[in-house]
Amino acid sequence: MRRLLAADGGGPAVAAVDPGQLVGVAVDAVAFGLFLALLGVGITLVFGLGEVLNLAVGTFAVASVLVAVALTDLGVGVAPAALGGVLAVAALGVAVDRTLLSLVYRSEGQERELLGIFVTLGLAITVDGLLVKPFPGSYTLPVSFGVVRVGPAPLATASLVTIAVGGAVLLGLALFLRYTYLGRAARTVFQDETGAVLVGVEPRRVRSLVFVLSAAVAGVAGLAYAAGAAVGVASGFEFTTFAVIVAVVGGVRSVPGAAAAGLLLGVVVQFASYLVGTFVAEMLLFLVAVAALLVRPEVFR
Amino acid sequence: MRRRTFLGAAGVAALSGCVNLAGDGGEGGPITVGAIEPLSGPFTPWGTTHRDGLRFAIEEINADGGVDGRELSLTVTDTASDPTDADSVFRRMVEQENAVAVTGPVSSDVGIRTARTAEELSVPLLLHMAGSEDVLSRGSRYTFRTALLPAPTTMRAQAQLVAEAGYESVGAIVADYAWGDSVREGVREQFPVEVRTRTAPVGADDFKPFLRQFPEDLEMMIATGHPPGAVTIMRQQFQLGYEPAVTTESGFPPALIHDALGGDATRGITHTHLTDVYSEEFRAVAERYAEATGGRMGTHEGYGYVAGQLIAEAIRRAGSTDPAELAETIRGIRFDTLYANPIQYTEWGELRDQRQIYSGYEAGAPEYYPDAEYRLTETFRTAPLAPFDPA
């Protein structure tokens, strides 16, 4: 099969689409989709429970990577350094929850939503400002993978790692929400906060737990991404944008919806990047979000 | 009353600034050299290495008795690669600190802005990187390249490498901004073979979709045109099984590449530079540098060292610290230093007849710094390169 590719810079105007490469693109697509799903779930969990749109989710993802990179520079192994990164953003999550979010949760309804946006946006700007001096460049996790081939198709091993880690985290999250007391309590607050209080659930406690959990999930997402690509302080804004788009498309209160939307968008973006170029792929991402808002304008209500 | 006192003081200060535009810090006093370096932000590794080499050059010059009996004084300010800040700092250095020459710009944005300032103030500006060909025009008289050749010249150099090695399967990824556009044009016009070139957004951090469009037998990957993504391009090409014999970048400090890639840096990653790290002259300076600072002199410390020596040599030859005379002297200079060929300039400040050196990475240490984890190994050296003519 031959298709026209964007001959954007030179070389053959018509390039062959290698069917073998399509397998590799599919693997990259699932990996990117899981990365998006993790970010989207981070937004959805916090908004569903506390009606706070966490615009610092990308910053949590980046901070986790930078802490891990700093630890590896100190001679710590990659796996413990990654764990350190996740623990660091979880600790940051605890601090933010105990201070800034406590103020936000004092308000109700639309006032809380607006305050949540301003507070988390301010948090992202502040943390970015603190990080940019010690981490001025872009960083990847110092891991070197071999090449895996399925037939003629070279698969990016970093993508396989992302699929394994991302899939495990999403599965773990699903099991947590379904089978543990705290998970069921969280789902109860999701559905009916008053009812949850009547049956003895403390919404504030559950919100704290879920906020820290979402920060840790964002941290894992960042680390999985940094296994194959460079991440810098400026990436935080891009990651937050991805997360919001995923939440808009999947439903800002629906964890399974966010996971499915992340996977769908990952597939769309990766195949569009390969077949028609990154510029069109980025436009598609935003067009899908706009279309979702047109179809379901009540998404944030 | 207070207001009048303030205005009077400001007037005196302004007058003193005007007087000092002549560039002399006072008979017998130190001569000030300014450095506008990116010591924070994305170009920090360039700024710190250049500053360190420049500082060492000035310390050596002063230890040898200075220039015509006067010490050099270095004033360094962080610009964070902000063109407006760089412009303000440049003016402050000249008008308030009497700098006779300024060096340091790395990003092309800063280079373009401060080149205008240099022409306006008539004070020599020695660029560190700032490789956009838009930095210099035919009318430039106070701005001089010292390290990174403009994109058309750099791509002519890489075309020589392709012709010499006989590569036929070549790919390039360029960014969608001025430098990337220049590299793409350079590839199109200069290369003896057809190059499959793809344009990626400047903020892209996933190049797998582009890389998958290149043939498996890729012999050369040109990452020169996408500086922000070059390291990711290198990592992802290895993840996808590509093993080009050469992958070129765009004047990164070699330690930055080695820190980012570790052992993968030895897989054909190629550092392009003018500092001749294989010469006896470089080795001698690097040994003194290691002894004095405990650090390793790399290609970019070399650029800072060359900038300091060039300014000092210009003052010696001009017999004056007047910035206009220094610029005139630099334009006509033939200065044998740490480069393969002597430094010479065109009327408009482009380097003439320089030889670009291509080096791979290998495990081990150079003789002048035994504690290092890697050393460079020469793979190619261009013929003398004609300067780029903006006309």
# chains A, B, ... in the order shown; residues from 1 in each chain; ligands from 1
>>> interface_residues(of="chain A", to="chain B", cutoff="9 Å", atoms="only C-alpha atoms", output="ChimeraX atom specification")
/A:6-12,15-18,21,24-25,28,132-149,154-158,228-231,235,270-275,277-279
>>> residues_around(residues="Ser122 in chain B", least_positions_apart="6", cutoff="12 Å", atoms="only C-alpha atoms", output="number ranges by chain")
B: 21-23, 90-91, 94-95, 99-102, 114-116, 140-143, 322-328
>>> write_last_selection(atoms="N, CA and C atoms", output="mmCIF file, in the first residue's frame")
data_model
loop_
_atom_site.group_PDB
_atom_site.id
_atom_site.type_symbol
_atom_site.label_atom_id
_atom_site.label_comp_id
_atom_site.auth_asym_id
_atom_site.auth_seq_id
_atom_site.Cartn_x
_atom_site.Cartn_y
_atom_site.Cartn_z
ATOM 1 N N LEU B 21 32.428 56.248 26.663
ATOM 2 C CA LEU B 21 32.152 55.485 25.451
ATOM 3 C C LEU B 21 33.407 55.335 24.618
ATOM 4 N N ALA B 22 34.395 56.178 24.878
ATOM 5 C CA ALA B 22 35.671 56.020 24.185
ATOM 6 C C ALA B 22 36.289 54.678 24.513
ATOM 7 N N GLY B 23 35.837 54.036 25.557
ATOM 8 C CA GLY B 23 36.252 52.667 25.829
ATOM 9 C C GLY B 23 37.450 52.538 26.716
ATOM 10 N N PHE B 90 24.053 44.741 27.836
ATOM 11 C CA PHE B 90 25.100 45.196 26.910
ATOM 12 C C PHE B 90 25.291 46.714 27.057
ATOM 13 N N ARG B 91 24.176 47.454 27.038
ATOM 14 C CA ARG B 91 24.259 48.919 27.152
ATOM 15 C C ARG B 91 24.861 49.320 28.503
ATOM 16 N N VAL B 94 28.612 48.822 28.578
ATOM 17 C CA VAL B 94 29.368 49.797 27.789
ATOM 18 C C VAL B 94 29.271 51.180 28.419
ATOM 19 N N GLU B 95 28.050 51.592 28.784
ATOM 20 C CA GLU B 95 27.839 52.978 29.194
ATOM 21 C C GLU B 95 28.210 53.227 30.655
ATOM 22 N N ALA B 99 32.936 48.832 29.237
ATOM 23 C CA ALA B 99 33.444 47.643 28.547
ATOM 24 C C ALA B 99 33.906 48.028 27.146
ATOM 25 N N VAL B 100 35.075 47.516 26.750
ATOM 26 C CA VAL B 100 35.610 47.848 25.423
ATOM 27 C C VAL B 100 35.180 46.822 24.386
ATOM 28 N N ALA B 101 34.734 45.652 24.835
ATOM 29 C CA ALA B 101 34.236 44.603 23.942
ATOM 30 C C ALA B 101 33.350 43.684 24.776
ATOM 31 N N VAL B 102 32.412 43.046 24.090
ATOM 32 C CA VAL B 102 31.451 42.183 24.786
ATOM 33 C C VAL B 102 31.378 40.856 24.033
ATOM 34 N N THR B 114 21.469 41.821 19.981
ATOM 35 C CA THR B 114 22.683 42.470 20.491
ATOM 36 C C THR B 114 23.626 42.885 19.357
ATOM 37 N N ALA B 115 23.494 42.232 18.199
ATOM 38 C CA ALA B 115 24.300 42.684 17.056
ATOM 39 C C ALA B 115 23.878 44.099 16.674
ATOM 40 N N ARG B 116 22.582 44.361 16.748
ATOM 41 C CA ARG B 116 22.086 45.714 16.470
ATOM 42 C C ARG B 116 22.643 46.703 17.495
ATOM 43 N N SER B 140 27.323 44.912 8.604
ATOM 44 C CA SER B 140 27.795 44.725 9.987
ATOM 45 C C SER B 140 29.279 45.064 10.078
ATOM 46 N N ARG B 141 29.655 45.799 11.120
ATOM 47 C CA ARG B 141 31.064 46.164 11.294
ATOM 48 C C ARG B 141 31.570 45.897 12.713
ATOM 49 N N TYR B 142 30.649 45.591 13.626
ATOM 50 C CA TYR B 142 31.075 45.436 15.022
ATOM 51 C C TYR B 142 30.728 44.065 15.604
ATOM 52 N N THR B 143 30.173 43.173 14.790
ATOM 53 C CA THR B 143 29.771 41.861 15.284
ATOM 54 C C THR B 143 30.597 40.783 14.592
ATOM 55 N N ASP B 322 40.089 51.918 22.350
ATOM 56 C CA ASP B 322 38.913 52.501 21.698
ATOM 57 C C ASP B 322 38.154 51.385 20.960
ATOM 58 N N PRO B 323 36.872 51.180 21.296
ATOM 59 C CA PRO B 323 36.134 50.058 20.710
ATOM 60 C C PRO B 323 36.111 50.072 19.177
ATOM 61 N N ALA B 324 36.016 51.261 18.601
ATOM 62 C CA ALA B 324 35.975 51.327 17.132
ATOM 63 C C ALA B 324 37.293 50.846 16.543
ATOM 64 N N GLU B 325 38.385 51.229 17.182
ATOM 65 C CA GLU B 325 39.694 50.781 16.690
ATOM 66 C C GLU B 325 39.863 49.273 16.894
ATOM 67 N N LEU B 326 39.303 48.775 18.002
ATOM 68 C CA LEU B 326 39.383 47.325 18.238
ATOM 69 C C LEU B 326 38.622 46.564 17.153
ATOM 70 N N ALA B 327 37.435 47.068 16.810
ATOM 71 C CA ALA B 327 36.645 46.404 15.765
ATOM 72 C C ALA B 327 37.406 46.405 14.445
ATOM 73 N N GLU B 328 38.021 47.535 14.139
ATOM 74 C CA GLU B 328 38.798 47.656 12.898
ATOM 75 C C GLU B 328 39.962 46.650 12.910
#
>>> atom_distance(atom1="CA of Arg187 in chain A", atom2="CA of Leu38 in chain A")
18.0 Å
>>> residues_around(residues="Ala56 in chain A", least_positions_apart="5", cutoff="9 Å", atoms="only C-alpha atoms", output="list in words")
Ala61, Thr120, Leu121, Gly122, Leu123, Ala124, Ile125, Val127, Gly236, Phe237 and Thr240 of chain A
>>> atom_distance(atom1="CA of Ala226 in chain A", atom2="CA of Gly75 in chain A")
18.2 Å
>>> atom_distance(atom1="CA of Gln354 in chain B", atom2="CA of Pro384 in chain B")
5.1 Å
>>> residues_around(residues="Ala88 in chain A", least_positions_apart="3", cutoff="8 Å", atoms="only C-alpha atoms", output="PDB file with C-alpha atoms, in the first residue's frame")
ATOM      1  CA  SER A  64       8.597  13.536  39.320  1.00  0.00           C
ATOM      2  CA  VAL A  67      13.561  14.533  41.001  1.00  0.00           C
ATOM      3  CA  GLY A  84      11.859   8.616  44.720  1.00  0.00           C
ATOM      4  CA  GLY A  85      10.313  10.858  42.056  1.00  0.00           C
ATOM      5  CA  ALA A  91       4.684  14.393  49.352  1.00  0.00           C
ATOM      6  CA  LEU A  92       4.129  17.591  47.395  1.00  0.00           C
TER       7      LEU A  92
END
>>> select_by_dssp(residues="range 67-253 of chain B", states="alpha helix (DSSP H)", output="number ranges by chain")
B: 83-95, 108-121, 151-165, 178-190, 208-211, 230-239
>>> residues_around(residues="Ser359 in chain B", least_positions_apart="3", cutoff="9 Å", atoms="only C-alpha atoms", output="compact mmCIF listing (two decimals) with C-alpha atoms, in the first residue's frame")
# COMPACT_ATOMS: atom_id res chain seq x y z
CA ILE B 269 27.04 10.71 17.66
CA THR B 270 29.21 13.39 16.12
CA HIS B 271 30.29 16.66 17.71
CA THR B 272 31.13 19.47 15.27
CA HIS B 273 33.59 22.08 16.45
CA LEU B 376 36.68 12.85 21.48
CA THR B 377 38.13 11.11 18.46
CA GLU B 378 38.46 12.85 15.12
CA THR B 379 36.42 11.41 12.27
CA PHE B 380 36.53 14.17 9.67
CA ARG B 381 37.99 17.61 9.05
>>> select_by_dssp(residues="range 98-315 of chain B", states="strand (DSSP E)", output="JSON, numbers by chain")
{"B": [99, 100, 101, 102, 103, 125, 126, 143, 144, 170, 171, 172, 173, 174, 175, 195, 196, 197, 198, 199, 200, 220, 221, 222, 246, 247, 248, 269, 270, 271, 272, 273]}
>>> write_last_selection(atoms="C-alpha atoms", output="PDB file, in the first residue's frame")
ATOM      1  CA  ALA B  99      33.444  47.643  28.547  1.00  0.00           C
ATOM      2  CA  VAL B 100      35.610  47.848  25.423  1.00  0.00           C
ATOM      3  CA  ALA B 101      34.236  44.603  23.942  1.00  0.00           C
ATOM      4  CA  VAL B 102      31.451  42.183  24.786  1.00  0.00           C
ATOM      5  CA  THR B 103      31.040  38.462  24.134  1.00  0.00           C
ATOM      6  CA  LEU B 125      30.520  41.944  19.969  1.00  0.00           C
ATOM      7  CA  LEU B 126      32.028  38.451  19.750  1.00  0.00           C
ATOM      8  CA  THR B 143      29.771  41.861  15.284  1.00  0.00           C
ATOM      9  CA  PHE B 144      32.036  38.851  14.831  1.00  0.00           C
ATOM     10  CA  VAL B 170      20.751  10.420   4.590  1.00  0.00           C
ATOM     11  CA  GLY B 171      17.893  11.747   6.707  1.00  0.00           C
ATOM     12  CA  ALA B 172      17.288  15.060   8.422  1.00  0.00           C
ATOM     13  CA  ILE B 173      14.805  16.384  10.957  1.00  0.00           C
ATOM     14  CA  VAL B 174      14.560  20.162  11.166  1.00  0.00           C
ATOM     15  CA  ALA B 175      12.558  22.456  13.421  1.00  0.00           C
ATOM     16  CA  VAL B 195      18.165  13.831   1.680  1.00  0.00           C
ATOM     17  CA  ARG B 196      14.852  12.793   3.168  1.00  0.00           C
ATOM     18  CA  THR B 197      14.015  15.817   5.324  1.00  0.00           C
ATOM     19  CA  ARG B 198      11.131  16.153   7.734  1.00  0.00           C
ATOM     20  CA  THR B 199      10.021  19.296   9.567  1.00  0.00           C
ATOM     21  CA  ALA B 200       8.907  18.970  13.185  1.00  0.00           C
ATOM     22  CA  MET B 220      23.668   9.610   8.325  1.00  0.00           C
ATOM     23  CA  MET B 221      21.129  11.433  10.468  1.00  0.00           C
ATOM     24  CA  ILE B 222      21.228  15.213  10.524  1.00  0.00           C
ATOM     25  CA  VAL B 246      27.052   9.575  11.822  1.00  0.00           C
ATOM     26  CA  THR B 247      24.467  11.659  13.678  1.00  0.00           C
ATOM     27  CA  THR B 248      25.265  15.352  13.635  1.00  0.00           C
ATOM     28  CA  ILE B 269      27.039  10.707  17.660  1.00  0.00           C
ATOM     29  CA  THR B 270      29.214  13.394  16.116  1.00  0.00           C
ATOM     30  CA  HIS B 271      30.288  16.661  17.712  1.00  0.00           C
ATOM     31  CA  THR B 272      31.131  19.469  15.267  1.00  0.00           C
ATOM     32  CA  HIS B 273      33.590  22.081  16.452  1.00  0.00           C
TER      33      HIS B 273
END
>>> residues_around(residues="Thr48 in chain B", least_positions_apart="6", cutoff="9 Å", atoms="only C-alpha atoms", output="number ranges by chain")
B: 37-39, 301
>>> residues_around(residues="Leu103 in chain A", least_positions_apart="3", cutoff="10 Å", atoms="only C-alpha atoms", output="VMD selection string")
chain A and resid 97 to 100 106 to 107 112 115 to 116 119
>>> decode(residues="range 268-342 of chain B", atoms="C-alpha atoms", output="compact mmCIF listing (two decimals), in the first residue's frame")
# COMPACT_ATOMS: atom_id res chain seq x y z
CA GLY B 268 28.08 7.51 15.87
CA ILE B 269 27.04 10.71 17.66
CA THR B 270 29.21 13.39 16.12
CA HIS B 271 30.29 16.66 17.71
CA THR B 272 31.13 19.47 15.27
CA HIS B 273 33.59 22.08 16.45
CA LEU B 274 36.24 24.60 15.49
CA THR B 275 38.42 24.19 18.58
CA ASP B 276 41.17 21.84 17.51
CA VAL B 277 41.25 19.62 20.58
CA TYR B 278 43.85 17.42 18.89
CA SER B 279 46.49 20.15 18.56
CA GLU B 280 49.51 20.60 20.79
CA GLU B 281 48.40 24.17 21.52
CA PHE B 282 45.05 22.98 22.86
CA ARG B 283 46.64 20.26 24.92
CA ALA B 284 49.00 22.76 26.55
CA VAL B 285 46.16 25.15 27.41
CA ALA B 286 43.92 22.29 28.62
CA GLU B 287 46.65 21.06 30.95
CA ARG B 288 47.08 24.52 32.43
CA TYR B 289 43.29 24.84 32.72
CA ALA B 290 42.98 21.51 34.55
CA GLU B 291 45.79 22.51 36.90
CA ALA B 292 44.30 25.91 37.64
CA THR B 293 40.61 25.02 37.87
CA GLY B 294 40.49 21.26 38.36
CA GLY B 295 38.08 21.11 35.43
CA ARG B 296 38.17 19.76 31.91
CA MET B 297 38.66 22.13 29.02
CA GLY B 298 36.25 21.16 26.28
CA THR B 299 35.46 22.70 22.93
CA HIS B 300 33.21 25.40 24.43
CA GLU B 301 35.61 26.39 27.19
CA GLY B 302 37.98 26.67 24.23
CA TYR B 303 35.62 29.13 22.52
CA GLY B 304 35.57 31.29 25.66
CA TYR B 305 39.36 31.12 25.88
CA VAL B 306 39.71 32.12 22.22
CA ALA B 307 37.31 35.06 22.69
CA GLY B 308 39.37 36.36 25.62
CA GLN B 309 42.66 35.96 23.77
CA LEU B 310 41.24 37.56 20.63
CA ILE B 311 40.11 40.68 22.50
CA ALA B 312 43.48 40.96 24.26
CA GLU B 313 45.35 40.52 20.98
CA ALA B 314 43.21 43.18 19.31
CA ILE B 315 44.00 45.65 22.12
CA ARG B 316 47.72 44.88 21.77
CA ARG B 317 47.74 45.31 18.01
CA ALA B 318 45.54 48.41 18.05
CA GLY B 319 47.60 49.96 20.84
CA SER B 320 44.31 51.40 22.02
CA THR B 321 41.19 50.48 23.94
CA ASP B 322 38.91 52.50 21.70
CA PRO B 323 36.13 50.06 20.71
CA ALA B 324 35.97 51.33 17.13
CA GLU B 325 39.69 50.78 16.69
CA LEU B 326 39.38 47.32 18.24
CA ALA B 327 36.64 46.40 15.77
CA GLU B 328 38.80 47.66 12.90
CA THR B 329 41.73 45.60 14.19
CA ILE B 330 39.65 42.43 14.61
CA ARG B 331 38.35 42.77 11.05
CA GLY B 332 41.88 42.77 9.71
CA ILE B 333 43.37 40.29 12.17
CA ARG B 334 45.07 36.99 11.38
CA PHE B 335 45.22 35.30 14.76
CA ASP B 336 46.65 31.86 15.21
CA THR B 337 44.93 30.32 18.21
CA LEU B 338 43.27 27.05 19.24
CA TYR B 339 41.52 26.54 15.90
CA ALA B 340 42.81 24.47 13.00
CA ASN B 341 43.24 27.59 10.88
CA PRO B 342 44.05 31.15 12.01
